[in-house]
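For reference, model_34.txt is printed below; it contains compact mmCIF, C-alpha atoms.
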```txt
# COMPACT_ATOMS: atom_id res chain seq x y z
CA MET A 444 30.26 5.72 -4.20
CA THR A 445 29.23 6.29 -0.59
CA ILE A 446 30.79 4.10 2.09
CA GLU A 447 28.54 3.33 5.05
CA PRO A 448 30.01 3.52 8.57
CA GLU A 449 30.56 0.08 10.03
CA GLY A 450 27.54 -1.37 11.81
CA ILE A 451 25.01 1.09 10.35
CA ALA A 452 22.66 -0.12 7.65
CA ALA A 453 21.34 2.50 5.27
CA PRO A 454 18.39 2.07 2.91
CA ALA A 455 19.28 0.36 -0.36
CA GLY A 456 18.35 1.13 -3.94
CA ASP A 457 15.05 2.87 -4.48
CA GLN A 458 14.42 3.13 -0.75
CA ARG A 459 17.64 5.08 -0.30
CA THR A 460 16.72 7.46 -3.14
CA THR A 461 13.28 7.98 -1.60
CA SER A 462 14.77 8.69 1.82
CA LEU A 463 17.36 11.14 0.45
CA SER A 464 14.60 12.88 -1.50
CA ARG A 465 12.41 13.18 1.58
CA LEU A 466 15.23 14.58 3.71
CA LEU A 467 16.41 17.13 1.14
CA THR A 468 12.85 18.21 0.37
CA LEU A 469 12.10 18.80 4.05
CA VAL A 470 15.27 20.86 4.54
CA HIS A 471 14.53 22.82 1.35
CA GLN A 472 10.97 23.59 2.40
CA HIS A 473 11.65 24.42 6.06
CA GLY A 474 14.98 26.20 5.69
CA MET A 475 16.41 24.57 8.82
CA LEU A 476 15.63 21.39 10.68
CA SER A 477 17.57 19.52 13.32
CA ARG A 478 18.54 15.90 12.83
CA ALA A 479 16.08 15.06 15.62
CA GLN A 480 13.25 16.80 13.75
CA LEU A 481 14.18 15.04 10.50
CA THR A 482 14.15 11.70 12.31
CA ARG A 483 10.69 12.45 13.66
CA LEU A 484 9.28 13.69 10.34
CA THR A 485 10.62 10.86 8.18
CA GLY A 486 10.13 7.94 10.57
CA LEU A 487 13.66 6.76 9.81
CA ASN A 488 15.92 5.75 12.67
CA ARG A 489 18.50 8.20 13.98
CA SER A 490 21.52 6.32 12.62
CA THR A 491 20.07 6.12 9.12
CA VAL A 492 19.25 9.84 9.13
CA GLY A 493 22.83 10.54 10.17
CA VAL A 494 24.22 8.46 7.29
CA LEU A 495 21.94 10.05 4.70
CA ILE A 496 22.52 13.60 5.92
CA GLY A 497 26.24 12.81 5.71
CA GLN A 498 25.78 11.95 2.04
CA LEU A 499 23.85 15.17 1.37
CA VAL A 500 26.62 17.14 3.09
CA ALA A 501 29.30 15.35 1.06
CA ASP A 502 27.37 16.11 -2.12
CA GLY A 503 27.27 19.80 -1.21
CA LEU A 504 23.48 19.99 -1.00
CA VAL A 505 23.15 20.79 2.72
CA PHE A 506 25.41 21.80 5.56
CA GLU A 507 25.28 21.15 9.29
CA SER A 508 26.03 23.39 12.23
CA ALA A 509 25.80 23.30 16.00
CA PRO A 510 22.42 24.52 17.31
CA ALA A 511 22.19 28.12 18.43
CA GLY A 512 21.93 28.72 22.17
CA GLY A 513 22.98 26.43 24.96
CA THR A 514 19.81 25.57 26.88
CA GLN A 515 19.26 22.09 25.44
CA VAL A 516 19.75 19.20 27.86
CA GLY A 517 21.89 16.31 26.66
CA ARG A 518 23.73 15.96 23.38
CA PRO A 519 22.60 18.71 20.97
CA SER A 520 21.14 17.69 17.63
CA PRO A 521 22.96 19.33 14.69
CA GLU A 522 20.96 21.76 12.57
CA VAL A 523 20.69 21.00 8.86
CA ARG A 524 20.30 23.81 6.32
CA PRO A 525 20.06 23.87 2.51
CA ASN A 526 23.14 25.07 0.65
CA PRO A 527 22.10 28.36 -1.03
CA GLY A 528 25.01 27.94 -3.43
CA VAL A 529 22.88 25.27 -5.12
CA ALA A 530 20.60 27.44 -7.20
CA ALA A 531 18.03 27.59 -9.99
CA LEU A 532 17.37 30.25 -12.61
CA ALA A 533 13.80 31.49 -12.95
CA VAL A 534 12.22 33.26 -15.92
CA ASN A 535 8.80 34.92 -16.11
CA PRO A 536 7.73 36.54 -19.41
CA GLU A 537 4.89 39.05 -19.09
CA VAL A 538 3.04 41.38 -21.43
CA ASP A 539 5.47 44.24 -20.77
CA ALA A 540 8.63 42.65 -19.36
CA VAL A 541 10.75 39.55 -18.88
CA THR A 542 11.96 38.91 -15.33
CA ILE A 543 14.96 36.69 -14.63
CA GLY A 544 15.90 35.54 -11.14
CA LEU A 545 18.39 33.40 -9.27
CA VAL A 546 16.91 31.39 -6.39
CA GLY A 547 18.90 29.36 -3.87
CA LEU A 548 17.93 25.98 -2.48
CA GLY A 549 15.63 26.84 0.39
CA GLY A 550 13.54 29.26 -1.71
CA ARG A 551 15.42 32.52 -1.12
CA VAL A 552 15.58 34.88 -4.10
CA ILE A 553 19.22 35.89 -4.47
CA LYS A 554 18.89 38.17 -7.47
CA LYS A 555 16.10 39.43 -9.70
CA ILE A 556 16.34 41.45 -12.91
CA ARG A 557 13.26 42.86 -14.63
CA TYR A 558 13.83 43.78 -18.28
CA ASN A 559 11.05 46.07 -19.47
CA THR A 560 10.09 45.45 -23.09
CA GLY A 561 7.59 48.29 -23.54
CA ARG A 562 5.41 45.94 -25.58
CA ILE A 563 4.41 42.30 -25.70
CA PRO A 564 7.52 40.22 -26.46
CA THR A 565 7.41 37.36 -28.92
CA ALA A 566 8.56 33.99 -27.65
CA ALA A 567 11.85 34.37 -29.51
CA GLU A 568 12.39 37.83 -28.02
CA ALA A 569 11.64 36.60 -24.50
CA VAL A 570 14.09 33.73 -24.93
CA ASN A 571 16.76 36.08 -26.32
CA ILE A 572 16.30 38.53 -23.45
CA ALA A 573 16.52 35.77 -20.83
CA ALA A 574 19.55 34.22 -22.53
CA ALA A 575 21.34 37.59 -22.72
CA VAL A 576 20.73 38.34 -19.04
CA ILE A 577 21.86 34.85 -18.03
CA ALA A 578 24.97 35.22 -20.21
CA GLY A 579 25.76 38.45 -18.36
CA MET A 580 25.52 36.55 -15.06
CA ARG A 581 27.55 33.59 -16.30
CA GLY A 582 30.85 34.51 -14.64
CA GLU A 583 29.15 34.83 -11.25
CA LEU A 584 27.12 31.68 -11.78
CA ASP A 585 30.12 29.57 -12.75
CA SER A 586 32.28 30.79 -9.87
CA ASP A 587 29.80 31.02 -7.00
CA TYR A 588 26.85 28.72 -7.73
CA ARG A 589 25.89 25.26 -8.84
CA VAL A 590 22.94 25.91 -11.16
CA VAL A 591 20.62 22.93 -11.53
CA GLY A 592 18.48 24.34 -14.33
CA ILE A 593 15.98 26.92 -15.48
CA GLY A 594 12.28 27.10 -14.63
CA VAL A 595 9.98 29.26 -16.75
CA ALA A 596 6.58 30.51 -15.59
CA VAL A 597 4.34 31.41 -18.54
CA PRO A 598 0.81 32.92 -18.40
CA GLY A 599 -0.78 30.34 -20.66
CA LEU A 600 -1.40 26.69 -21.42
CA VAL A 601 1.79 24.65 -21.34
CA THR A 602 2.35 20.96 -22.03
CA ALA A 603 4.34 19.90 -19.00
CA ALA A 604 6.08 16.96 -20.67
CA ASP A 605 7.92 18.98 -23.32
CA GLY A 606 7.64 22.61 -22.17
CA MET A 607 5.68 23.58 -25.27
CA VAL A 608 3.58 26.72 -24.81
CA ARG A 609 0.39 25.70 -26.58
CA HIS A 610 -1.55 28.92 -26.12
CA ALA A 611 -0.66 32.07 -24.19
CA PRO A 612 -3.40 34.43 -25.40
CA HIS A 613 -2.23 37.61 -23.71
CA LEU A 614 1.29 37.11 -25.05
CA GLY A 615 0.03 36.01 -28.46
CA TRP A 616 2.10 32.82 -28.32
CA HIS A 617 0.91 29.64 -30.04
CA GLY A 618 2.87 26.39 -30.26
CA GLU A 619 6.15 27.85 -29.03
CA PRO A 620 8.86 25.32 -27.92
CA VAL A 621 10.12 27.60 -25.17
CA ALA A 622 11.88 24.92 -23.11
CA GLU A 623 13.85 23.70 -26.12
CA LEU A 624 14.75 27.22 -27.28
CA LEU A 625 15.98 28.39 -23.89
CA ALA A 626 17.89 25.18 -23.16
CA ASP A 627 19.66 25.48 -26.51
CA ALA A 628 20.47 29.15 -25.87
CA CYS A 629 21.75 28.73 -22.29
CA GLY A 630 22.92 25.15 -21.97
CA TYR A 631 20.91 24.46 -18.81
CA PRO A 632 18.09 21.92 -18.45
CA THR A 633 14.88 23.90 -18.84
CA ALA A 634 11.30 23.21 -17.82
CA VAL A 635 8.22 25.36 -18.47
CA SER A 636 4.82 25.45 -16.79
CA ASN A 637 1.82 27.68 -16.19
CA ASP A 638 2.65 30.65 -13.97
CA ALA A 639 -0.37 30.39 -11.69
CA SER A 640 0.14 26.66 -11.08
CA LEU A 641 3.75 27.32 -10.10
CA ALA A 642 2.64 30.17 -7.85
CA ALA A 643 0.18 27.82 -6.15
CA GLU A 644 3.00 25.41 -5.37
CA ALA A 645 5.19 28.22 -4.06
CA GLU A 646 2.46 29.47 -1.74
CA LEU A 647 1.83 25.90 -0.56
CA VAL A 648 5.50 25.34 0.28
CA PHE A 649 6.67 28.76 1.47
CA GLY A 650 3.65 31.05 1.76
CA ALA A 651 0.03 31.52 2.78
CA ALA A 652 -1.03 27.89 2.20
CA ALA A 653 1.89 26.34 4.09
CA GLY A 654 0.60 23.51 6.25
CA SER A 655 -2.50 22.99 4.10
CA ARG A 656 -3.10 19.74 2.27
CA ASN A 657 -5.89 21.15 0.11
CA ALA A 658 -5.72 24.70 -1.17
CA VAL A 659 -6.63 26.78 -4.20
CA TYR A 660 -4.62 29.75 -5.47
CA LEU A 661 -6.02 32.48 -7.72
CA ASN A 662 -3.99 35.29 -9.24
CA GLY A 663 -5.34 38.36 -11.01
CA GLY A 664 -3.11 40.38 -13.29
CA ALA A 665 -2.82 42.04 -16.66
CA SER A 666 -3.10 38.66 -18.38
CA GLY A 667 -6.40 37.78 -16.67
CA ILE A 668 -7.08 35.30 -13.89
CA GLY A 669 -5.36 31.96 -13.44
CA GLY A 670 -4.86 29.59 -10.60
CA GLY A 671 -3.65 26.33 -9.22
CA ILE A 672 -5.17 23.52 -7.18
CA ILE A 673 -3.36 21.68 -4.41
CA SER A 674 -5.04 18.36 -3.61
CA GLU A 675 -3.71 16.23 -0.75
CA GLY A 676 -0.46 18.16 -0.85
CA ARG A 677 0.13 17.79 -4.59
CA LEU A 678 -0.48 20.08 -7.53
CA LEU A 679 -3.47 18.93 -9.56
CA ALA A 680 -2.14 19.32 -13.09
CA GLY A 681 -4.75 17.57 -15.22
CA ALA A 682 -4.08 15.34 -18.23
CA SER A 683 -1.64 17.76 -19.91
CA GLY A 684 -0.92 20.33 -17.21
CA PHE A 685 -3.77 22.67 -18.13
CA ALA A 686 -5.75 22.51 -14.86
CA GLY A 687 -6.46 25.68 -12.88
CA GLU A 688 -7.90 28.03 -15.51
CA PHE A 689 -10.32 29.64 -13.05
CA GLY A 690 -10.53 32.76 -15.19
CA HIS A 691 -12.83 30.82 -17.50
CA THR A 692 -15.35 29.87 -14.81
CA LEU A 693 -18.88 30.90 -15.84
CA VAL A 694 -20.16 33.71 -13.61
CA ARG A 695 -22.65 35.51 -15.87
CA SER A 696 -24.65 33.67 -18.53
CA ASN A 697 -25.45 36.87 -20.48
CA GLY A 698 -22.01 38.43 -19.98
CA ALA A 699 -19.34 39.62 -22.38
CA ARG A 700 -17.57 37.28 -24.75
CA CYS A 701 -14.16 36.13 -23.54
CA HIS A 702 -11.15 35.67 -25.83
CA CYS A 703 -11.66 31.91 -25.32
CA GLY A 704 -14.98 32.23 -27.18
CA ALA A 705 -17.31 31.65 -24.22
CA LEU A 706 -19.69 34.14 -22.64
CA GLY A 707 -19.51 35.41 -19.08
CA CYS A 708 -16.12 34.10 -17.95
CA LEU A 709 -14.88 35.32 -14.58
CA GLN A 710 -12.07 37.34 -16.13
CA THR A 711 -14.51 39.31 -18.30
CA GLU A 712 -16.27 40.59 -15.15
CA VAL A 713 -13.42 40.74 -12.64
CA ARG A 714 -10.70 42.85 -14.24
CA ARG A 715 -7.88 45.11 -13.13
CA ALA A 716 -8.24 47.66 -15.95
CA PRO A 717 -11.53 49.27 -14.75
CA LEU A 718 -10.08 49.70 -11.26
CA LEU A 719 -6.95 51.37 -12.60
CA ASP A 720 -9.02 53.64 -14.85
CA LEU A 721 -11.27 54.77 -11.99
CA LEU A 722 -8.26 55.47 -9.78
CA GLY A 723 -6.21 57.11 -12.51
CA LEU A 724 -3.33 54.66 -12.10
CA ASP A 725 -0.93 52.99 -14.47
CA ALA A 726 -0.36 49.24 -14.07
CA GLY A 727 2.21 49.58 -11.27
CA GLU A 728 2.54 47.00 -8.52
CA PRO A 729 -0.38 45.22 -6.79
CA GLY A 730 0.54 46.99 -3.56
CA GLU A 731 0.02 50.37 -5.20
CA LEU A 732 -3.47 49.37 -6.32
CA ALA A 733 -4.30 48.02 -2.87
CA GLY A 734 -3.21 51.26 -1.24
CA ALA A 735 -5.20 53.37 -3.68
CA LEU A 736 -8.33 51.26 -3.24
CA GLY A 737 -8.02 51.45 0.52
CA ALA A 738 -7.64 55.23 0.48
CA SER A 739 -10.34 55.97 -2.08
CA THR A 740 -13.61 57.64 -0.99
CA ASP A 741 -15.02 57.71 -4.53
CA PRO A 742 -18.45 55.98 -4.57
CA LEU A 743 -17.81 54.83 -8.14
CA VAL A 744 -14.70 52.97 -6.99
CA ALA A 745 -16.60 51.42 -4.08
CA ALA A 746 -19.39 50.31 -6.41
CA GLU A 747 -16.93 48.71 -8.84
CA VAL A 748 -15.19 46.90 -5.99
CA ARG A 749 -18.52 45.51 -4.75
CA ARG A 750 -19.55 44.51 -8.28
CA GLN A 751 -16.33 42.61 -8.92
CA LEU A 752 -16.35 40.97 -5.49
CA GLY A 753 -19.88 39.75 -6.21
CA PHE A 754 -18.75 37.92 -9.35
CA LEU A 755 -15.62 36.63 -7.63
CA ALA A 756 -17.82 35.19 -4.87
CA ILE A 757 -19.83 33.29 -7.50
CA ALA A 758 -16.63 31.72 -8.85
CA LEU A 759 -15.34 30.89 -5.38
CA ARG A 760 -18.66 29.26 -4.51
CA THR A 761 -17.90 26.74 -7.24
CA VAL A 762 -14.31 26.36 -6.03
CA VAL A 763 -15.47 25.64 -2.47
CA ASN A 764 -18.17 23.20 -3.52
CA VAL A 765 -16.00 21.27 -5.98
CA PHE A 766 -12.61 21.17 -4.20
CA ASN A 767 -13.45 21.62 -0.50
CA PRO A 768 -10.17 23.50 0.19
CA GLU A 769 -8.82 24.50 3.58
CA ALA A 770 -7.50 27.74 2.12
CA ILE A 771 -8.13 29.97 -0.88
CA VAL A 772 -5.13 32.19 -1.53
CA LEU A 773 -5.68 35.40 -3.49
CA ASP A 774 -2.90 37.24 -5.29
CA GLY A 775 -2.45 40.25 -7.54
CA PHE A 776 -5.39 42.60 -7.86
CA LEU A 777 -7.73 39.93 -6.42
CA ALA A 778 -6.03 40.34 -3.04
CA ALA A 779 -6.36 44.12 -3.41
CA LEU A 780 -10.09 43.75 -4.11
CA ASP A 781 -10.59 41.61 -1.03
CA ALA A 782 -8.63 44.02 1.16
CA ALA A 783 -10.67 47.00 -0.11
CA ALA A 784 -13.86 45.61 1.45
CA PRO A 785 -12.81 43.32 4.31
CA GLY A 786 -15.15 40.42 4.96
CA GLU A 787 -17.42 41.08 2.00
CA LEU A 788 -15.99 38.33 -0.21
CA ALA A 789 -15.98 35.77 2.60
CA ALA A 790 -19.59 36.64 3.42
CA GLY A 791 -20.57 36.30 -0.25
CA VAL A 792 -18.98 32.88 -0.52
CA ALA A 793 -20.51 31.70 2.77
CA ALA A 794 -23.97 32.81 1.64
CA GLN A 795 -23.80 30.81 -1.61
CA ALA A 796 -21.59 27.76 -1.05
CA LEU A 797 -22.58 24.57 0.71
CA GLU A 798 -22.55 25.17 4.45
CA GLU A 799 -20.03 22.54 5.54
CA PRO A 800 -17.20 23.23 3.05
CA ALA A 801 -17.81 26.98 3.33
CA ALA A 802 -17.29 26.80 7.09
CA GLN A 803 -13.95 25.03 6.62
CA VAL A 804 -12.28 27.41 4.17
CA ALA A 805 -10.15 30.47 4.96
CA ILE A 806 -9.63 33.17 2.33
CA ARG A 807 -6.13 34.67 2.61
CA PRO A 808 -3.85 37.02 0.69
CA ALA A 809 -0.73 35.55 -0.85
CA ALA A 810 2.38 35.87 1.30
CA LEU A 811 5.36 35.79 -1.08
CA GLY A 812 4.74 39.13 -2.76
CA ALA A 813 6.89 40.20 -5.69
CA ASP A 814 9.14 37.14 -5.38
CA LEU A 815 6.31 34.67 -5.95
CA MET A 816 6.88 33.88 -9.63
CA MET A 817 10.63 33.55 -9.16
CA VAL A 818 10.17 31.09 -6.29
CA GLY A 819 7.51 29.14 -8.21
CA ALA A 820 9.56 28.90 -11.40
CA ALA A 821 12.64 27.85 -9.43
CA GLU A 822 10.66 24.99 -7.85
CA LEU A 823 10.18 23.63 -11.36
CA ALA A 824 13.95 23.59 -11.88
CA PHE A 825 14.64 22.13 -8.43
CA ALA A 826 12.14 19.27 -8.89
CA PRO A 827 14.54 16.71 -10.47
CA LEU A 828 17.18 17.40 -7.78
CA LEU A 829 14.65 17.01 -4.98
CA ALA A 830 13.28 13.81 -6.51
CA ASP A 831 16.72 12.17 -6.78
CA PRO A 832 19.50 14.03 -4.94
CA SER A 833 22.07 11.30 -5.61
CA ALA A 834 21.65 11.68 -9.39
CA ALA A 835 22.83 15.27 -9.14
```

In structure tokens, what does this structure look like?
Amino acid sequence: MTIEPEGIAAPAGDQRTTSLSRLLTLVHQHGMLSRAQLTRLTGLNRSTVGVLIGQLVADGLVFESAPAGGTQVGRPSPEVRPNPGVAALAVNPEVDAVTIGLVGLGGRVIKKIRYNTGRIPTAAEAVNIAAAVIAGMRGELDSDYRVVGIGVAVPGLVTAADGMVRHAPHLGWHGEPVAELLADACGYPTAVSNDASLAAEAELVFGAAAGSRNAVYLNGGASGIGGGIISEGRLLAGASGFAGEFGHTLVRSNGARCHCGALGCLQTEVRRAPLLDLLGLDAGEPGELAGALGASTDPLVAAEVRRQLGFLAIALRTVVNVFNPEAIVLDGFLAALDAAAPGELAAGVAAQALEEPAAQVAIRPAALGADLMMVGAAELAFAPLLADPSAA
């Protein structure tokens, strides 16, 4: 039970929970804010902010310190920071590896372990790998961290309510209860969602879409093209969490058949494999592909880049017209494509989309790099804590 200082009224009941949630979320997203800034951003009075921050400090979720420097006039406002000892585990199964990370409150990746599988892991194998790695970290986790749960980012369709992977075509997973399996194996609350949707949230909070209320994120990788939609500052999930499958946007009516059964999907025309083949590269990291594309003088490479950018522009025309975003964030090999021919994609979108929404959108590369999936998956695990800090 929290005792309020005499003469200071704090919000009661649901209002208090909402206020604590808002304060902790702001500190988590910004990394550091002064009490004065928190007062301004929340609209709460200074005394109430002081009481609530005191509760978050007592609960070990944030800590306060004197402001750096000594130029401020008057009484300095304490700086509030998230406690990085409050952490989430993140898991990202891919076609050739399972990556496990530890992410502190505030979005900083503390540790990341990539376990190469050499082949596509089954759901059971991915769970066993993650559980074994987490078991190896258990001594450190128990002594140094307060782990709130596990977030799993899967390249496929996931039912958000129960963490069931309905269909992950590139992994070959169908109807896999990943959340239940991993929770049973590790003992931590576990939530599962689509990897690109989680990446969209991470870029909105910590990366290239920060400050935007309406943004679209598209990622291109070995598993195809996925994405996420941020509408009025919130992830647009759809009825069951399946929204954002931009890889299945129609871009060529007489195109190749996609694994989904349709013809001419974006991910049948815009693909990483042809670029790697032309450059003589293995999969590697997106940065390696970007560097090779930028250095290449091969006309065949340039032609393939232009061809793929043309189809990507068709898809983004639809994105701009339907969602009217402030920002479109490109990740993976899509960012490498855009960087290989600067301005060409933006010009293609501007030439095809409606004039007004096209003039408002900025196309940007993702900012979080190799840590993106870890940060996104961790946000899934942090969500219950941020929604109700007092329940933790």

Check your understanding: Which residues, written as a PyMOL selection string, have at least one atom at most 9 Å from Tyr631 (chain A), with all atoms listed in the file counted and residues fewer than 5 positions away on the same chain left out?
Key -> chain A and resi 590-593+625-626

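Put simply, CA of Arg581 (chain A) is 28.9 Å away from CA of Met475 (chain A).
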
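Each of A:Ala782, A:Ile771, A:Ala826, A:Leu487 was compared to Ala801 (chain A) using only C-alpha atoms, and A:Ile771 turns out to be the nearest.
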
Check your understanding: With all atoms listed in the file as the atoms that count, which of A:Asn657, A:Gln751, A:Asn559, A:Asn662 lies nearest to Pro717 (chain A)?
Key -> A:Gln751

Region 583-687 of chain A residues near region 695-710 of chain A within 8 Å, closest pair each, using only C-alpha atoms, as CSV:
```
residue,atom,partner,partner_atom,distance
A:Pro612,CA,A:His702,CA,7.9
A:Gly667,CA,A:Gln710,CA,5.7
A:Ile668,CA,A:Gln710,CA,5.8
```

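Relative to CA of Arg478 (chain A), CA of Val492 (chain A) is found at 7.1 Å.
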
Study note, to complete from the structure: The residue from A:Ile673, A:Leu661, A:Val538, A:Leu532 with the smallest atom-to-atom distance to Ala573 (chain A), counting all atoms listed in the file, is A:Leu532

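Between CA of Ala540 (chain A) and CA of Ile563 (chain A) there is a distance of 7.6 Å.
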
Practice item. Mind checking which residues fall within 12 Å of Gly786 (chain A), counting all atoms listed in the file, ignoring those fewer than 4 positions away in the same chain, and posting them as a PyMOL selection string? Key: chain A and resi 749+752+756+780-782+790-793+805-807

Practice item. Identify the residues around (-20.0, 38.1, -12.9) within a radius of 6 Å, measuring from all atoms listed in the file in the coordinates stated by the file, and give them as a PyMOL selection string. Key: chain A and resi 694-695+712+754

Check your understanding: Which residue, A:Ala603, A:Ala665, A:Val648, A:Asp725, has the smallest gap to Ala682 (chain A) when you use all atoms listed in the file?
Key -> A:Ala603

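Minimum atom-to-atom distance to Ala651 (chain A), evaluated using all atoms listed in the file, belongs to A:Glu769 out of A:Glu769, A:Glu583, A:Glu507, A:Glu623.
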